[in-house]
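**Q** I am sharing entry.pdb, which consists of PDB, C-alpha atoms:
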ATOM      1  CA  MET A   1     136.423  90.063 110.374  1.00  0.00           C
ATOM      2  CA  ILE A   2     133.059  88.293 110.345  1.00  0.00           C
ATOM      3  CA  SER A   3     130.842  88.733 113.396  1.00  0.00           C
ATOM      4  CA  LYS A   4     129.882  85.792 115.578  1.00  0.00           C
ATOM      5  CA  ALA A   5     126.171  86.307 114.799  1.00  0.00           C
ATOM      6  CA  LYS A   6     126.813  86.222 111.027  1.00  0.00           C
ATOM      7  CA  PHE A   7     129.023  83.152 111.399  1.00  0.00           C
ATOM      8  CA  ASN A   8     126.351  81.372 113.463  1.00  0.00           C
ATOM      9  CA  THR A   9     123.676  82.243 110.892  1.00  0.00           C
ATOM     10  CA  PHE A  10     125.895  80.997 108.051  1.00  0.00           C
ATOM     11  CA  VAL A  11     126.809  77.723 109.752  1.00  0.00           C
ATOM     12  CA  GLY A  12     123.238  77.241 110.970  1.00  0.00           C
ATOM     13  CA  SER A  13     121.890  77.747 107.452  1.00  0.00           C
ATOM     14  CA  ILE A  14     124.284  75.147 106.061  1.00  0.00           C
ATOM     15  CA  GLY A  15     123.260  72.748 108.835  1.00  0.00           C
ATOM     16  CA  ALA A  16     119.573  73.370 108.141  1.00  0.00           C
ATOM     17  CA  ALA A  17     120.045  72.693 104.427  1.00  0.00           C
ATOM     18  CA  MET A  18     121.926  69.479 105.185  1.00  0.00           C
ATOM     19  CA  GLY A  19     119.166  68.464 107.595  1.00  0.00           C
ATOM     20  CA  ILE A  20     116.588  68.907 104.847  1.00  0.00           C
ATOM     21  CA  PHE A  21     118.668  66.757 102.478  1.00  0.00           C
ATOM     22  CA  VAL A  22     118.840  63.997 105.108  1.00  0.00           C
ATOM     23  CA  PHE A  23     115.063  63.743 105.156  1.00  0.00           C
ATOM     24  CA  VAL A  24     114.579  64.273 101.420  1.00  0.00           C
ATOM     25  CA  ALA A  25     116.623  61.069 101.123  1.00  0.00           C
ATOM     26  CA  TYR A  26     113.531  59.249 102.467  1.00  0.00           C
ATOM     27  CA  ILE A  27     111.616  59.938  99.247  1.00  0.00           C
ATOM     28  CA  PRO A  28     113.060  56.952  97.314  1.00  0.00           C
ATOM     29  CA  GLN A  29     112.171  54.704 100.274  1.00  0.00           C
ATOM     30  CA  ILE A  30     108.627  56.090 100.328  1.00  0.00           C
ATOM     31  CA  ILE A  31     108.308  55.328  96.606  1.00  0.00           C
ATOM     32  CA  ALA A  32     109.718  51.801  97.105  1.00  0.00           C
ATOM     33  CA  ASN A  33     107.336  51.237 100.021  1.00  0.00           C
ATOM     34  CA  MET A  34     104.383  52.265  97.882  1.00  0.00           C
ATOM     35  CA  GLN A  35     105.520  49.868  95.153  1.00  0.00           C
ATOM     36  CA  GLY A  36     105.493  46.963  97.619  1.00  0.00           C
ATOM     37  CA  ALA A  37     109.167  46.786  98.680  1.00  0.00           C
ATOM     38  CA  LYS A  38     108.464  47.454 102.359  1.00  0.00           C
ATOM     39  CA  ALA A  39     111.295  48.452 104.686  1.00  0.00           C
ATOM     40  CA  GLN A  40     111.485  48.466 108.467  1.00  0.00           C
ATOM     41  CA  PRO A  41     109.347  51.271 109.914  1.00  0.00           C
ATOM     42  CA  TRP A  42     111.107  52.020 113.204  1.00  0.00           C
ATOM     43  CA  GLN A  43     114.021  54.233 112.191  1.00  0.00           C
ATOM     44  CA  PRO A  44     111.857  56.762 110.315  1.00  0.00           C
ATOM     45  CA  LEU A  45     109.276  56.725 113.126  1.00  0.00           C
ATOM     46  CA  PHE A  46     111.879  57.568 115.772  1.00  0.00           C
ATOM     47  CA  ALA A  47     113.515  60.129 113.446  1.00  0.00           C
ATOM     48  CA  ALA A  48     110.117  61.822 113.051  1.00  0.00           C
ATOM     49  CA  ALA A  49     109.569  61.780 116.833  1.00  0.00           C
ATOM     50  CA  SER A  50     113.025  63.271 117.424  1.00  0.00           C
ATOM     51  CA  CYS A  51     112.370  65.971 114.840  1.00  0.00           C
ATOM     52  CA  LEU A  52     109.039  66.780 116.469  1.00  0.00           C
ATOM     53  CA  ILE A  53     110.826  67.426 119.766  1.00  0.00           C
ATOM     54  CA  TRP A  54     113.279  69.768 118.005  1.00  0.00           C
ATOM     55  CA  VAL A  55     110.410  71.602 116.278  1.00  0.00           C
ATOM     56  CA  LEU A  56     108.715  72.129 119.637  1.00  0.00           C
ATOM     57  CA  TYR A  57     111.992  73.302 121.165  1.00  0.00           C
ATOM     58  CA  GLY A  58     112.672  75.748 118.315  1.00  0.00           C
ATOM     59  CA  TRP A  59     109.085  77.009 118.457  1.00  0.00           C
ATOM     60  CA  SER A  60     109.292  77.679 122.198  1.00  0.00           C
ATOM     61  CA  LYS A  61     112.616  79.586 122.072  1.00  0.00           C
ATOM     62  CA  GLU A  62     112.453  83.098 123.507  1.00  0.00           C
ATOM     63  CA  PRO A  63     112.657  85.882 122.558  1.00  0.00           C
ATOM     64  CA  ARG A  64     112.443  84.561 118.948  1.00  0.00           C
ATOM     65  CA  LYS A  65     111.533  81.253 117.361  1.00  0.00           C
ATOM     66  CA  ASP A  66     114.565  79.339 116.053  1.00  0.00           C
ATOM     67  CA  TRP A  67     113.702  78.867 112.382  1.00  0.00           C
ATOM     68  CA  ILE A  68     117.043  77.196 111.641  1.00  0.00           C
ATOM     69  CA  LEU A  69     115.863  74.360 113.909  1.00  0.00           C
ATOM     70  CA  ILE A  70     112.192  74.434 112.997  1.00  0.00           C
ATOM     71  CA  ILE A  71     112.334  74.260 109.193  1.00  0.00           C
ATOM     72  CA  PRO A  72     114.552  71.189 108.595  1.00  0.00           C
ATOM     73  CA  ASN A  73     113.012  69.320 111.505  1.00  0.00           C
ATOM     74  CA  ALA A  74     109.478  70.037 110.258  1.00  0.00           C
ATOM     75  CA  VAL A  75     110.541  68.428 106.971  1.00  0.00           C
ATOM     76  CA  GLY A  76     111.840  65.500 109.033  1.00  0.00           C
ATOM     77  CA  VAL A  77     108.537  65.136 110.876  1.00  0.00           C
ATOM     78  CA  ILE A  78     106.568  65.030 107.627  1.00  0.00           C
ATOM     79  CA  LEU A  79     108.849  62.773 105.592  1.00  0.00           C
ATOM     80  CA  GLY A  80     109.801  60.523 108.527  1.00  0.00           C
ATOM     81  CA  PHE A  81     106.183  59.924 109.452  1.00  0.00           C
ATOM     82  CA  LEU A  82     105.227  59.410 105.787  1.00  0.00           C
ATOM     83  CA  THR A  83     108.030  56.857 105.430  1.00  0.00           C
ATOM     84  CA  PHE A  84     106.795  55.111 108.575  1.00  0.00           C
ATOM     85  CA  LEU A  85     103.211  54.981 107.306  1.00  0.00           C
ATOM     86  CA  THR A  86     104.137  53.673 103.870  1.00  0.00           C
ATOM     87  CA  SER A  87     106.365  50.956 105.335  1.00  0.00           C
ATOM     88  CA  LEU A  88     103.529  49.339 107.285  1.00  0.00           C
TER      89      LEU A  88
END
Is it possible to give me this structure as structure tokens?
**A**
Amino acid sequence: MISKAKFNTFVGSIGAAMGIFVFVAYIPQIIANMQGAKAQPWQPLFAAASCLIWVLYGWSKEPRKDWILIIPNAVGVILGFLTFLTSL
């Protein structure tokens, strides 16, 4: 029988990987934006803001930081904000 802690780590790791893939999907839009095919900037801006809140939450968790939240959401902050900037 698998322990609850191991199950949570496993499921959390899968969720973190999927979260990273969600924001890596912005890369083609960033490239298109830089080539002149501008898209609307608001969705990636609000996604980046949401991710920033989750990073802050994961960073402030006690007794340990929640890296499963921090890592994919930090990627979201960077790529979401970069997508926003390139779409202006």
**Q** Expand the PyMOL selection byres ((chain A and resi 81) around 10) into the explicit residue set it covers here, and present it as a ChimeraX atom specification.
**A** /A:41,44-49,75-80,82-87
**Q** With only C-alpha atoms as the basis for distance, which of A:Ala74, A:Ile2, A:Met18, A:Leu88 is at the shortest distance from Tyr57 of chain A?
**A**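 Distance minimum relative to Tyr57 of chain A lands on A:Ala74.
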**Q** Carefully work through the PyMOL selection byres ((chain A and resi 67) around 12) for this structure and note down the residues it includes, as a tab-separated table (two decimals) with C-alpha atoms, keeping the file's coordinate frame.
**A**
chain	number	residue	atom	x	y	z
A	9	THR	CA	123.68	82.24	110.89
A	12	GLY	CA	123.24	77.24	110.97
A	13	SER	CA	121.89	77.75	107.45
A	15	GLY	CA	123.26	72.75	108.84
A	16	ALA	CA	119.57	73.37	108.14
A	17	ALA	CA	120.04	72.69	104.43
A	54	TRP	CA	113.28	69.77	118.00
A	55	VAL	CA	110.41	71.60	116.28
A	56	LEU	CA	108.72	72.13	119.64
A	57	TYR	CA	111.99	73.30	121.16
A	58	GLY	CA	112.67	75.75	118.32
A	59	TRP	CA	109.08	77.01	118.46
A	60	SER	CA	109.29	77.68	122.20
A	61	LYS	CA	112.62	79.59	122.07
A	62	GLU	CA	112.45	83.10	123.51
A	64	ARG	CA	112.44	84.56	118.95
A	65	LYS	CA	111.53	81.25	117.36
A	66	ASP	CA	114.56	79.34	116.05
A	68	ILE	CA	117.04	77.20	111.64
A	69	LEU	CA	115.86	74.36	113.91
A	70	ILE	CA	112.19	74.43	113.00
A	71	ILE	CA	112.33	74.26	109.19
A	72	PRO	CA	114.55	71.19	108.60
A	73	ASN	CA	113.01	69.32	111.50
A	74	ALA	CA	109.48	70.04	110.26
**Q** Choose the residue, out of A:Lys4, A:Lys38, A:Cys51, A:Pro63, that has the smallest atom-to-atom separation from Gly19 of chain A; count only C-alpha atoms.
**A**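 Comparing A:Lys4, A:Lys38, A:Cys51, A:Pro63 against Gly19 of chain A, the winner is A:Cys51.
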**Q** What does the structure give for the distance between atom CA of Phe23 of chain A and atom CA of Lys6 of chain A, in Å to one decimal?
**A**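 Between atom CA of Phe23 of chain A and atom CA of Lys6 of chain A the gap is 26.0 Å.
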**Q** Can you give me, as a PDB file with C-alpha atoms, in the frame of the given file, the residues this file yields under the PyMOL selection byres ((chain A and resi 29) around 9)?
**A**
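Wrote it out as result_8.pdb, contents follow:
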ATOM      1  CA  ALA A  25     116.623  61.069 101.123  1.00  0.00           C
ATOM      2  CA  TYR A  26     113.531  59.249 102.467  1.00  0.00           C
ATOM      3  CA  ILE A  27     111.616  59.938  99.247  1.00  0.00           C
ATOM      4  CA  PRO A  28     113.060  56.952  97.314  1.00  0.00           C
ATOM      5  CA  ILE A  30     108.627  56.090 100.328  1.00  0.00           C
ATOM      6  CA  ILE A  31     108.308  55.328  96.606  1.00  0.00           C
ATOM      7  CA  ALA A  32     109.718  51.801  97.105  1.00  0.00           C
ATOM      8  CA  ASN A  33     107.336  51.237 100.021  1.00  0.00           C
ATOM      9  CA  MET A  34     104.383  52.265  97.882  1.00  0.00           C
ATOM     10  CA  ALA A  37     109.167  46.786  98.680  1.00  0.00           C
ATOM     11  CA  LYS A  38     108.464  47.454 102.359  1.00  0.00           C
ATOM     12  CA  ALA A  39     111.295  48.452 104.686  1.00  0.00           C
ATOM     13  CA  THR A  83     108.030  56.857 105.430  1.00  0.00           C
ATOM     14  CA  THR A  86     104.137  53.673 103.870  1.00  0.00           C
ATOM     15  CA  SER A  87     106.365  50.956 105.335  1.00  0.00           C
TER      16      SER A  87
END
**Q** Just give me the gap between atom CA of Val22 of chain A and atom CA of Gly36 of chain A in Å, one decimal is fine.
**A**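 Taking atom CA of Val22 of chain A and atom CA of Gly36 of chain A, their separation equals 22.9 Å.
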